[in-house]
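**Student:** Compact mmCIF, C-alpha atoms, saved as coords-v1.txt, coming up:
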# COMPACT_ATOMS: atom_id res chain seq x y z
CA MET Y 1 174.52 102.68 88.52
CA ILE Y 2 174.30 98.94 88.10
CA ALA Y 3 175.51 96.79 90.97
CA GLU Y 4 178.23 95.15 88.86
CA GLU Y 5 179.63 98.53 87.86
CA LEU Y 6 179.66 99.62 91.48
CA LYS Y 7 181.44 96.43 92.46
CA ALA Y 8 184.13 97.06 89.84
CA ALA Y 9 184.52 100.69 90.91
CA ILE Y 10 184.87 99.70 94.55
CA GLU Y 11 187.39 96.96 93.88
CA GLU Y 12 189.46 99.37 91.85
CA ALA Y 13 189.35 102.12 94.45
CA VAL Y 14 189.83 100.04 97.58
CA PRO Y 15 192.59 97.48 97.16
CA GLY Y 16 191.84 94.15 98.79
CA ALA Y 17 188.12 94.76 99.16
CA VAL Y 18 185.96 91.75 98.44
CA VAL Y 19 182.54 92.69 97.13
CA ALA Y 20 179.84 90.26 96.14
CA VAL Y 21 176.59 91.17 94.41
CA VAL Y 22 173.55 89.71 96.16
CA ALA Y 23 170.88 89.46 93.51
CA ASN Y 24 167.29 90.37 94.28
CA GLY Y 25 164.97 88.16 92.26
CA SER Y 26 161.86 90.25 92.79
CA PRO Y 27 160.55 92.67 90.12
CA SER Y 28 162.20 95.56 91.94
CA ALA Y 29 165.57 93.94 91.13
CA GLN Y 30 167.16 95.94 93.92
CA HIS Y 31 170.48 94.14 94.03
CA SER Y 32 172.76 94.74 96.97
CA LEU Y 33 176.48 94.69 97.63
CA LEU Y 34 177.87 92.32 100.22
CA LEU Y 35 181.01 93.81 101.78
CA ASP Y 36 183.72 92.04 103.73
CA SER Y 37 183.80 93.52 107.20
CA ASP Y 38 187.57 94.18 107.10
CA HIS Y 39 187.29 96.67 104.26
CA ALA Y 40 183.67 97.77 104.71
CA PHE Y 41 184.56 101.05 106.36
CA GLU Y 42 186.96 102.06 103.59
CA VAL Y 43 184.46 101.01 100.94
CA ALA Y 44 181.77 103.06 102.62
CA ARG Y 45 184.07 106.06 102.81
CA PHE Y 46 184.75 105.69 99.08
CA LEU Y 47 181.02 105.52 98.31
CA ARG Y 48 180.41 108.65 100.32
CA ASP Y 49 183.34 110.72 99.06
CA ASP Y 50 183.72 109.62 95.43
CA PRO Y 51 182.84 112.66 93.28
CA GLU Y 52 180.80 110.53 90.89
CA LEU Y 53 178.76 108.78 93.58
CA ARG Y 54 178.54 111.14 96.58
CA LEU Y 55 176.25 108.82 98.54
CA ASP Y 56 175.85 111.43 101.25
CA PHE Y 57 172.66 110.14 102.87
CA CYS Y 58 172.15 106.90 104.78
CA SER Y 59 168.39 106.61 104.99
CA ASN Y 60 167.98 103.31 106.73
CA VAL Y 61 169.90 100.64 108.61
CA THR Y 62 168.33 97.38 109.60
CA GLY Y 63 169.26 93.93 110.79
CA ILE Y 64 168.42 90.43 109.64
CA ASP Y 65 168.85 87.19 111.53
CA TRP Y 66 169.68 84.14 109.46
CA LEU Y 67 169.39 80.92 111.42
CA ASP Y 68 171.52 77.84 110.91
CA THR Y 69 169.91 76.00 108.01
CA GLU Y 70 170.10 72.50 106.71
CA VAL Y 71 170.67 72.38 102.97
CA SER Y 72 169.99 69.15 101.15
CA GLU Y 73 171.32 68.60 97.64
CA LYS Y 74 171.06 65.62 95.37
CA VAL Y 75 174.39 64.17 94.35
CA LYS Y 76 175.10 61.41 91.86
CA VAL Y 77 177.42 58.83 93.32
CA ALA Y 78 178.93 55.76 91.70
CA LYS Y 79 178.16 52.74 93.84
CA LEU Y 80 178.43 49.00 93.69
CA VAL Y 81 174.96 47.51 93.60
CA ASP Y 82 174.89 43.68 93.45
CA GLY Y 83 178.43 43.66 92.15
CA VAL Y 84 177.62 46.04 89.31
CA GLU Y 85 178.74 49.65 89.39
CA GLN Y 86 175.78 51.96 89.06
CA THR Y 87 175.15 55.68 89.38
CA VAL Y 88 172.87 56.24 92.34
CA GLU Y 89 171.29 59.52 93.36
CA GLU Y 90 171.90 60.39 96.99
CA THR Y 91 170.65 63.25 99.13
CA ARG Y 92 173.45 64.91 101.01
CA LYS Y 93 172.60 67.18 103.88
CA THR Y 94 174.89 69.92 105.11
CA TRP Y 95 174.48 72.53 107.82
CA VAL Y 96 175.04 76.12 106.84
CA LEU Y 97 176.08 78.25 109.79
CA GLY Y 98 173.71 81.12 110.50
CA TYR Y 99 174.79 84.72 110.73
CA LEU Y 100 173.52 88.19 111.48
CA GLU Y 101 173.34 90.77 108.77
CA ALA Y 102 173.23 94.57 108.74
CA VAL Y 103 171.70 96.30 105.71
CA TYR Y 104 172.33 99.94 104.83
CA HIS Y 105 170.35 101.97 102.29
CA LEU Y 106 172.34 104.84 100.80
CA PHE Y 107 171.19 107.73 98.64
CA SER Y 108 172.88 110.69 97.05
CA MET Y 109 171.08 113.97 97.57
CA GLU Y 110 173.59 115.71 95.35
CA LYS Y 111 173.49 113.32 92.39
CA LYS Y 112 169.90 112.15 92.89
CA LEU Y 113 171.15 108.57 93.08
CA GLY Y 114 169.97 105.60 94.99
CA PRO Y 115 169.21 103.50 96.73
CA VAL Y 116 172.50 101.65 96.97
CA VAL Y 117 172.08 98.73 99.33
CA LEU Y 118 175.05 97.51 101.37
CA ARG Y 119 175.14 94.33 103.41
CA MET Y 120 177.60 93.15 106.03
CA ARG Y 121 177.52 89.74 107.67
CA THR Y 122 178.88 88.53 110.98
CA LYS Y 123 180.84 85.29 111.19
CA ASP Y 124 178.17 83.53 113.23
CA ARG Y 125 175.29 84.23 115.61
CA GLY Y 126 177.12 83.56 118.85
CA GLU Y 127 180.60 84.79 119.57
CA TYR Y 128 181.73 86.62 116.45
CA VAL Y 129 179.01 89.18 116.03
CA HIS Y 130 181.23 92.19 115.39
CA LEU Y 131 180.85 94.52 112.43
CA PRO Y 132 182.45 97.90 111.73
CA SER Y 133 180.23 100.85 112.56
CA LEU Y 134 179.45 103.25 109.74
CA THR Y 135 178.24 105.94 112.14
CA PRO Y 136 181.51 107.92 111.81
CA LEU Y 137 180.61 108.31 108.11
CA TRP Y 138 176.85 108.78 108.33
CA ARG Y 139 175.60 110.23 111.59
CA SER Y 140 172.07 109.08 110.73
CA ALA Y 141 173.16 105.50 111.37
CA GLU Y 142 173.83 106.13 115.06
CA PHE Y 143 170.42 105.33 116.56
CA GLN Y 144 169.67 102.60 114.04
CA GLU Y 145 172.91 100.79 114.77
CA ARG Y 146 172.06 101.06 118.45
CA GLU Y 147 168.66 99.55 117.70
CA ILE Y 148 170.28 96.64 115.84
CA PHE Y 149 172.69 96.16 118.74
CA ASP Y 150 169.70 96.13 121.08
CA LEU Y 151 167.37 93.83 119.17
CA TYR Y 152 169.76 91.61 117.17
CA GLY Y 153 172.96 91.75 119.18
CA ILE Y 154 175.37 92.89 116.49
CA VAL Y 155 178.29 94.75 118.09
CA PHE Y 156 179.32 97.73 115.97
CA ASP Y 157 183.01 98.44 116.51
CA GLY Y 158 183.78 102.14 116.30
CA HIS Y 159 180.29 103.28 117.29
CA PRO Y 160 180.59 106.35 119.54
CA ASP Y 161 177.84 105.40 121.99
CA LEU Y 162 176.81 101.76 121.71
CA ARG Y 163 174.09 101.20 124.30
CA ARG Y 164 170.65 99.61 124.20
CA ILE Y 165 168.14 102.10 122.88
CA LEU Y 166 164.70 100.48 123.29
CA MET Y 167 165.02 97.77 125.90
CA TRP Y 168 166.48 98.27 129.36
CA ASP Y 169 170.18 97.86 130.01
CA GLU Y 170 169.75 94.82 132.29
CA LEU Y 171 168.20 92.68 129.53
CA THR Y 172 170.46 89.95 128.17
CA ASP Y 173 168.22 88.81 125.29
CA HIS Y 174 167.94 90.12 121.76
CA PRO Y 175 164.19 89.99 121.06
CA MET Y 176 164.25 90.23 117.25
CA ARG Y 177 166.37 87.12 116.85
CA LYS Y 178 164.40 84.28 115.34
CA ASP Y 179 165.17 81.87 118.17
CA TYR Y 180 164.08 84.34 120.85
CA VAL Y 181 161.52 82.99 123.28
CA PRO Y 182 159.67 85.54 125.44
CA PRO Y 183 159.55 84.77 129.16
CA ALA Y 184 156.67 82.36 129.67
CA ASP Y 185 156.21 83.23 133.34
CA ASP Y 186 154.00 86.26 132.77
CA ASP Y 187 151.41 84.62 130.54
CA ALA Y 188 151.26 80.86 130.71
CA GLU Y 189 148.94 80.23 133.64
CA VAL Y 190 146.33 82.77 132.56
CA MET Y 191 146.16 81.58 128.98
CA GLU Y 192 145.91 78.00 130.19
CA ALA Y 193 142.95 78.90 132.41
CA VAL Y 194 141.20 80.81 129.63
CA GLN Y 195 141.50 77.91 127.23
CA ARG Y 196 139.98 75.44 129.68
CA MET T 1 118.65 99.91 158.56
CA GLU T 2 120.00 101.70 155.49
CA GLN T 3 116.76 101.01 153.65
CA ASP T 4 114.69 102.48 156.49
CA LEU T 5 116.88 105.54 156.42
CA ASN T 6 116.31 105.99 152.72
CA VAL T 7 112.56 105.69 153.20
CA VAL T 8 112.62 108.38 155.90
CA LYS T 9 114.80 110.59 153.72
CA ALA T 10 112.45 110.23 150.76
CA GLU T 11 109.40 110.88 152.92
CA LEU T 12 110.90 114.01 154.46
CA GLY T 13 111.98 115.13 150.98
CA LYS T 14 108.32 115.14 149.91
CA HIS T 15 107.63 117.67 152.63
CA GLY T 16 110.50 119.93 151.62
CA VAL T 17 112.87 118.79 154.33
CA PHE T 18 116.36 117.91 153.19
CA THR T 19 118.17 115.34 155.26
CA THR T 20 121.44 113.63 154.65
CA THR T 21 124.12 111.71 156.45
CA PHE T 22 127.67 112.76 156.96
CA GLU T 23 128.75 109.82 154.85
CA ASP T 24 126.58 110.83 151.90
CA LEU T 25 127.73 114.44 152.07
CA TYR T 26 131.35 113.38 152.29
CA ASN T 27 131.08 110.96 149.38
CA TRP T 28 129.05 113.45 147.33
CA GLY T 29 131.88 115.93 147.68
CA ARG T 30 134.54 113.35 146.90
CA LYS T 31 132.89 111.88 143.84
CA ASN T 32 132.39 115.27 142.24
CA SER T 33 135.93 116.50 142.67
CA VAL T 34 138.09 113.68 141.41
CA TRP T 35 141.29 115.12 140.03
CA PRO T 36 142.98 112.89 137.47
CA LEU T 37 146.69 112.82 136.85
CA THR T 38 147.96 114.40 133.63
CA PHE T 39 149.27 111.13 132.31
CA GLY T 40 148.96 109.49 128.92
CA LEU T 41 150.75 106.52 127.41
CA ALA T 42 149.53 106.02 123.86
CA CYS T 43 146.62 106.56 121.48
CA CYS T 44 144.06 106.12 124.29
CA ALA T 45 145.48 109.30 125.76
CA ILE T 46 144.25 111.18 122.70
CA GLU T 47 140.72 109.98 123.45
CA MET T 48 141.23 110.97 127.07
CA ILE T 49 142.27 114.46 125.97
CA ALA T 50 139.25 114.64 123.68
CA THR T 51 137.06 113.70 126.65
CA THR T 52 138.31 116.67 128.61
CA MET T 53 137.74 119.13 125.78
CA ALA T 54 134.59 121.11 125.01
CA ARG T 55 132.75 118.48 122.95
CA TYR T 56 132.64 115.80 125.66
CA ASP T 57 133.50 118.07 128.57
CA LEU T 58 134.59 115.91 131.48
CA ALA T 59 134.34 119.08 133.59
CA ARG T 60 130.63 118.29 133.96
CA PHE T 61 131.72 115.53 136.33
CA GLY T 62 134.09 117.65 138.35
CA ALA T 63 137.19 116.15 136.81
CA GLU T 64 138.42 118.96 134.64
CA ILE T 65 141.46 119.67 136.76
CA PHE T 66 144.18 117.34 135.48
CA ARG T 67 147.00 117.68 137.97
CA PRO T 68 150.58 117.67 136.72
CA SER T 69 151.85 116.05 139.93
CA PRO T 70 150.84 112.69 141.41
CA ARG T 71 150.92 114.34 144.85
CA GLN T 72 147.81 116.34 143.90
CA ALA T 73 145.91 113.66 141.98
CA ASP T 74 143.17 111.23 143.08
CA LEU T 75 142.85 109.24 139.89
CA ILE T 76 145.32 107.75 137.45
CA ILE T 77 143.86 106.93 134.04
CA VAL T 78 146.22 104.34 132.57
CA SER T 79 145.51 105.29 128.98
CA GLY T 80 147.47 103.17 126.56
CA THR T 81 150.08 100.50 126.05
CA ILE T 82 152.30 99.92 129.05
CA THR T 83 155.69 98.81 127.86
CA LYS T 84 157.76 96.77 130.26
CA LYS T 85 160.20 99.65 130.37
CA MET T 86 157.42 102.02 131.45
CA ALA T 87 155.62 99.71 133.92
CA PRO T 88 157.85 100.43 136.97
CA LEU T 89 157.32 104.14 136.43
CA VAL T 90 153.53 103.75 136.32
CA VAL T 91 153.65 101.86 139.63
CA ARG T 92 155.92 104.54 141.07
CA LEU T 93 153.48 107.28 140.02
CA TYR T 94 150.64 105.35 141.64
CA ASN T 95 152.66 104.98 144.84
CA GLN T 96 153.30 108.71 144.92
CA MET T 97 149.59 109.55 144.86
CA PRO T 98 147.95 110.27 148.23
CA GLU T 99 144.99 108.21 149.45
CA PRO T 100 142.19 107.84 148.56
CA LYS T 101 143.31 107.03 145.03
CA TYR T 102 141.66 105.29 142.13
CA VAL T 103 142.78 103.65 138.90
CA ILE T 104 140.98 103.45 135.56
CA ALA T 105 142.59 101.01 133.10
CA MET T 106 141.63 102.46 129.75
CA GLY T 107 141.68 100.40 126.58
CA ALA T 108 142.66 96.90 125.53
CA CYS T 109 146.38 97.45 126.19
CA ALA T 110 146.01 98.73 129.72
CA ILE T 111 143.68 95.90 130.74
CA SER T 112 145.47 92.99 129.05
CA GLY T 113 148.23 94.03 126.68
CA GLY T 114 145.74 94.17 123.83
CA PRO T 115 147.06 93.53 120.32
CA PHE T 116 150.62 93.61 121.67
CA ARG T 117 150.02 90.88 124.24
CA ASP T 118 152.29 88.40 122.49
CA GLY T 119 155.07 90.92 122.03
CA TYR T 120 158.30 90.90 123.98
CA ASN T 121 158.07 94.41 125.40
CA VAL T 122 154.48 94.96 126.53
CA LEU T 123 153.04 94.43 129.99
CA LYS T 124 149.98 92.16 129.92
CA GLY T 125 147.75 94.53 131.85
CA ILE T 126 148.45 97.05 134.61
CA ASP T 127 146.34 95.02 137.08
CA ARG T 128 149.42 92.84 137.51
CA TYR T 129 150.98 95.53 139.69
CA ILE T 130 148.34 97.96 140.95
CA PRO T 131 144.65 97.51 141.91
CA VAL T 132 142.33 98.68 139.14
CA ASP T 133 138.90 100.13 139.97
CA VAL T 134 137.37 100.34 136.50
CA HIS T 135 138.39 98.52 133.31
CA ILE T 136 137.33 99.94 129.93
CA PRO T 137 137.61 97.67 126.89
CA GLY T 138 138.03 99.19 123.43
CA CYS T 139 140.82 100.06 121.08
CA PRO T 140 140.70 102.91 121.79
CA PRO T 141 137.51 103.37 123.83
CA ARG T 142 135.38 106.28 122.69
CA PRO T 143 135.12 109.34 124.96
CA GLU T 144 131.61 108.16 125.93
CA ALA T 145 133.16 104.95 127.24
CA LEU T 146 135.61 106.92 129.37
CA ILE T 147 132.76 109.05 130.68
CA HIS T 148 130.85 105.85 131.49
CA ALA T 149 133.89 104.53 133.33
CA PHE T 150 134.12 107.79 135.19
CA MET T 151 130.45 107.60 136.21
CA THR T 152 131.02 104.00 137.31
CA LEU T 153 133.89 105.21 139.47
CA GLN T 154 131.64 107.94 140.91
CA GLU T 155 129.04 105.32 141.82
CA LYS T 156 131.76 103.28 143.46
CA ILE T 157 132.94 106.27 145.49
CA ALA T 158 129.36 107.16 146.46
CA GLY T 159 128.83 103.63 147.77
CA GLN T 160 131.87 103.54 150.01
CA HIS T 161 131.31 103.47 153.76
CA ILE T 162 133.51 105.53 156.00
CA SER T 163 133.24 103.08 158.85
CA GLY T 164 132.50 99.43 159.38
CA GLY T 165 134.08 96.27 158.13
CA ASP T 166 133.34 96.97 154.48
CA ARG T 167 135.09 100.32 154.43
CA PRO T 168 137.39 100.81 151.44
CA ARG T 169 141.08 99.99 151.31
CA HIS T 170 142.32 103.48 152.07
CA LEU T 171 140.50 103.50 155.40
CA LYS T 172 142.03 100.24 156.53
CA ALA T 173 145.37 101.03 158.07
CA GLU T 174 146.69 97.50 157.71
CA LEU T 175 146.19 97.39 153.94
CA PRO T 176 148.94 98.75 151.72
CA SER T 177 148.67 101.99 149.79
CA GLU T 178 151.92 101.42 147.95
CA PHE T 179 152.84 98.41 145.90
CA ASP T 180 156.17 96.86 144.99
CA ILE T 181 157.83 98.39 141.98
CA PRO T 182 158.98 95.66 139.57
CA GLU T 183 162.61 95.63 138.56
CA TYR T 184 164.17 95.28 135.14
CA GLY T 185 165.39 91.70 134.92
CA GLU T 186 167.56 89.79 132.50
CA HIS T 187 164.57 88.44 130.57
CA GLY T 188 161.61 90.52 131.71
CA LEU T 189 160.17 92.33 134.69
CA GLU T 190 160.81 90.77 138.08
CA PRO T 191 158.44 89.76 139.50
CA ALA T 192 156.16 89.25 136.48
CA SER T 193 153.17 90.17 138.64
CA ASN T 194 152.42 91.16 142.22
CA ASP T 195 150.57 88.34 143.99
CA GLU T 196 149.06 90.88 146.39
CA VAL T 197 146.94 92.48 143.65
CA PHE T 198 147.08 89.83 140.93
CA PRO T 199 146.56 86.51 142.68
CA PRO T 200 147.70 83.30 141.03
CA VAL T 201 145.06 81.62 138.91
CA GLN T 202 144.07 78.90 141.41
CA SER T 203 142.45 81.45 143.72
CA GLY T 204 141.83 84.05 141.07
CA PRO T 205 138.90 84.87 138.81
CA PHE T 206 139.46 81.84 136.58
CA LYS T 207 137.93 78.95 138.53
CA VAL T 208 138.07 75.56 136.94
CA ILE T 209 134.65 73.87 137.04
CA GLN T 210 135.11 70.13 136.79
What's the C-alpha cells form of this structure?

**Tutor:**
Amino acid sequence: MIAEELKAAIEEAVPGAVVAVVANGSPSAQHSLLLDSDHAFEVARFLRDDPELRLDFCSNVTGIDWLDTEVSEKVKVAKLVDGVEQTVEETRKTWVLGYLEAVYHLFSMEKKLGPVVLRMRTKDRGEYVHLPSLTPLWRSAEFQEREIFDLYGIVFDGHPDLRRILMWDELTDHPMRKDYVPPADDDAEVMEAVQR
Amino acid sequence: MEQDLNVVKAELGKHGVFTTTFEDLYNWGRKNSVWPLTFGLACCAIEMIATTMARYDLARFGAEIFRPSPRQADLIIVSGTITKKMAPLVVRLYNQMPEPKYVIAMGACAISGGPFRDGYNVLKGIDRYIPVDVHIPGCPPRPEALIHAFMTLQEKIAGQHISGGDRPRHLKAELPSEFDIPEYGEHGLEPASNDEVFPPVQSGPFKVIQ
C-alpha cells in the first residue's frame, strides 16, 4: 500500500490523528509515516488490527538523534540603497530545534505486507523526550525500546519494564547521542605518550 | 653460584646421576599442572577452546583441566573483549583465585581494547586492573599463539625463585593478591585504572626522551 493511501486510511479511522508522509529520496523509495505522539498508540492499534492491513509483526525499532541545526535560506528583501529602493538578496539563518526519533518497521505475516515504517519524534532533546510505548501492541518492541531508552534517552510511556538493557544502571549518559563525549580520563594520557 | 650448580648438574648427568634442587622440582611440578579457569569473553574464547581440543591439544602442557570455579584455578585466560560492564566481574574472578595465580591477556581487545578502543563501552585493556603475565597480540590469536603464550608462562614459572629478594609476588606477604574492583560510575568505571598495577604514564613504560 502506498504511503499516501495509508495516511488517508489512518486519518479516516483515527479521528484527530495527524500523519505526515516522510519521503525517502533513495531508489528504495521506502517512505515512512510520521505520527503525532498523542494519537500514535491508537494509530498503531489500527494498523495492527485493521482486517485489510493486519500488521502483526514489528521487526525492528531503532532510534535517531537529530541535533539542533542551523538552516540558512536566501530571502529577497526590498531595501533602500543610496536612496533608491532595490531588491537585495539576504541570507537568513534560523535554528531548528533538534529532536529524538523512534522508527518502527512493521510487517504483516498474514497479508504478506510490508515494511510499513512509522516514525515518532520527541519535542526536543532535553526535557521533553517522552513517546508512547508500542510494546503493549507488539511484544517484540520491548527490548528494542529499552535499548533506545538506554542509548538515546527516549522515555517510552506505557512500557512495562523500562530499564537500561546494555549499559549499567548508574550511567547517566546516552552513548549513541551525537553530542556524547566518552570519558577522556581512561585514554588521554596513554595516547598522548604514544604520539610523542 | 647458579651457573656452577648447572655445570655440576650437567657433569653428573653425563655419568648417569640425576641431581636437582627442591626449587627446580617444585617449579617443574607447578609449570606442568597449570589449571586454567573455564572463562571466555568473545571470539578469542573460540580459539582458546580450539586450543584445548584434539588438534592443538593443550593437554600436552598439563593444562587440559579447565576448572569451572576460580577457587580451583591457577590461570585466567582473558580471552576477548572486556566490556566496562564485565570488567568488575573479571577482577572479582581474579580476586577469588588462590595464589599463585597467573593471567594471560589474549588478543587485541584484552591487551588494549583492540578495534573497540574508541567505543564507549569497552575497557582499554585488562592490565588496567589486574597484573598480566603474558600478552598475546592478534585478532584473534591463532591456537599456536596461545600455546606459545602458555610456554612463555611455563618458562616464567620455571624461573621463579622460592626464596630471596626476587621471589615472585605470591611469596611476598606484603604484596597484594587481590585488587580493587572498579565501580560503575555515572560516566564510566571508577577508577578508570588501578595505579597499583597500571602506573600513570610518567613512571610507566612510556618514557619521554627529550

**Student:** Record the distance separating atom CA of Asp180 of chain T and atom CA of Asn194 of chain T, expressed in Å with one decimal.

**Tutor:**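 Separation between atom CA of Asp180 of chain T and atom CA of Asn194 of chain T: 7.4 Å.
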
**Student:** In Å, with one decimal, what is the gap from atom CA of Trp138 of chain Y to atom CA of Glu12 of chain Y?

**Tutor:**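 Atom CA of Trp138 of chain Y sits 22.8 Å away from atom CA of Glu12 of chain Y.
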
**Student:** Given the choices T:Pro88, T:Pro140, T:Pro98, T:Gly165, which gets closest to Leu189 of chain T if the distance is worked out from only C-alpha atoms?

**Tutor:**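 Among the listed residues, T:Pro88 lies closest to Leu189 of chain T.
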
**Student:** Please report as a Markdown table every residue of chain T lying within 6 Å of chain Y, along with the nearest atom pair and their distance in Å (one decimal), using all atoms listed in the file.

**Tutor:**
| residue | atom | partner | partner_atom | distance |
| --- | --- | --- | --- | --- |
| T:Tyr120 | CA | Y:Pro182 | CA | 5.7 |
| T:Gly185 | CA | Y:Glu170 | CA | 6.0 |
| T:Glu186 | CA | Y:Leu171 | CA | 4.2 |
| T:His187 | CA | Y:Leu171 | CA | 5.7 |
| T:Ala192 | CA | Y:Asp186 | CA | 5.2 |

**Student:** Using Å and a single decimal, report how far atom CA of Ala110 of chain T sits from atom CA of Ser79 of chain T.

**Tutor:**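 Result for atom CA of Ser79 of chain T versus atom CA of Ala110 of chain T: 6.6 Å, one decimal.
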
**Student:** Can you work out which one of T:Glu64, T:Glu11, T:Asp74, T:Glu2 has the shortest atom-to-atom distance to Leu37 of chain T, counting all atoms listed in the file?

**Tutor:**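 Using all atoms listed in the file, the shortest distance to Leu37 of chain T belongs to T:Asp74.
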
**Student:** In terms of the shortest atom-to-atom distance over all atoms listed in the file, which of Y:Glu110, Y:Glu4, Y:Glu147, Y:Glu11 is closest to Leu55 of chain Y?

**Tutor:**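 With all atoms listed in the file as the atom set, the closest residue is Y:Glu110.
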
**Student:** Which residue gives the smallest distance to Gln160 of chain T among T:His148, T:His135, T:Lys124, T:Lys31, with only C-alpha atoms counted?

**Tutor:** T:Lys31

**Student:** Excluding Phe57 of chain Y and residues on its chain fewer than 6 positions from it, collect all residues at most 8 Å away from it, counting all atoms listed in the file, and give them as a ChimeraX atom specification.

**Tutor:** /Y:106-109,138,140

**Student:** Produce a file of the selected residues containing C-alpha atoms, as a PDB file, in the frame of the given file.

**Tutor:**
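So the final result, stored in again19.pdb, reads:
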ATOM      1  CA  LEU Y 106     172.340 104.840 100.800  1.00  0.00           C
ATOM      2  CA  PHE Y 107     171.190 107.730  98.640  1.00  0.00           C
ATOM      3  CA  SER Y 108     172.880 110.690  97.050  1.00  0.00           C
ATOM      4  CA  MET Y 109     171.080 113.970  97.570  1.00  0.00           C
ATOM      5  CA  TRP Y 138     176.850 108.780 108.330  1.00  0.00           C
ATOM      6  CA  SER Y 140     172.070 109.080 110.730  1.00  0.00           C
TER       7      SER Y 140
END

**Student:** Skip Ile157 of chain T itself and residues of its chain fewer than 2 positions away, then list as a PyMOL selection string all residues within 9 Å of it, counting all atoms listed in the file.

**Tutor:** chain T and resi 27-28+30-31+152-155+159-161

**Student:** Hey, what's within 7 Å of Leu75 of chain T if we count all atoms listed in the file and toss same-chain stuff fewer than 3 positions away? As a list in words, please?

**Tutor:**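 Once the nearby chain positions are removed, what remains is Val34, Trp35, Pro36, Leu37, Lys101, Tyr102 and Val103 of chain T.
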
**Student:** Taking (183.6, 97.3, 115.8) in the coordinates of the supplied file, I want to know which residues reach to within 12 Å of it, counting all atoms listed in the file; could you give the answer as a list in words?

**Tutor:**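 I get Ser37, Asp38, Ala40, Phe41, Thr122, Tyr128, Val129, His130, Leu131, Pro132, Ser133, Leu134, Thr135, Pro136, Glu145, Phe149, Ile154, Val155, Phe156, Asp157, Gly158, His159, Pro160, Asp161 and Leu162 of chain Y for the residues within 12 Å of that point.
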
**Student:** Which residue out of T:Ser163, T:Thr38, T:Thr81, T:Ser193 has the minimum interatomic distance to Met106 of chain T when all atoms listed in the file are used?

**Tutor:**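 Among the listed residues, T:Thr81 lies closest to Met106 of chain T.
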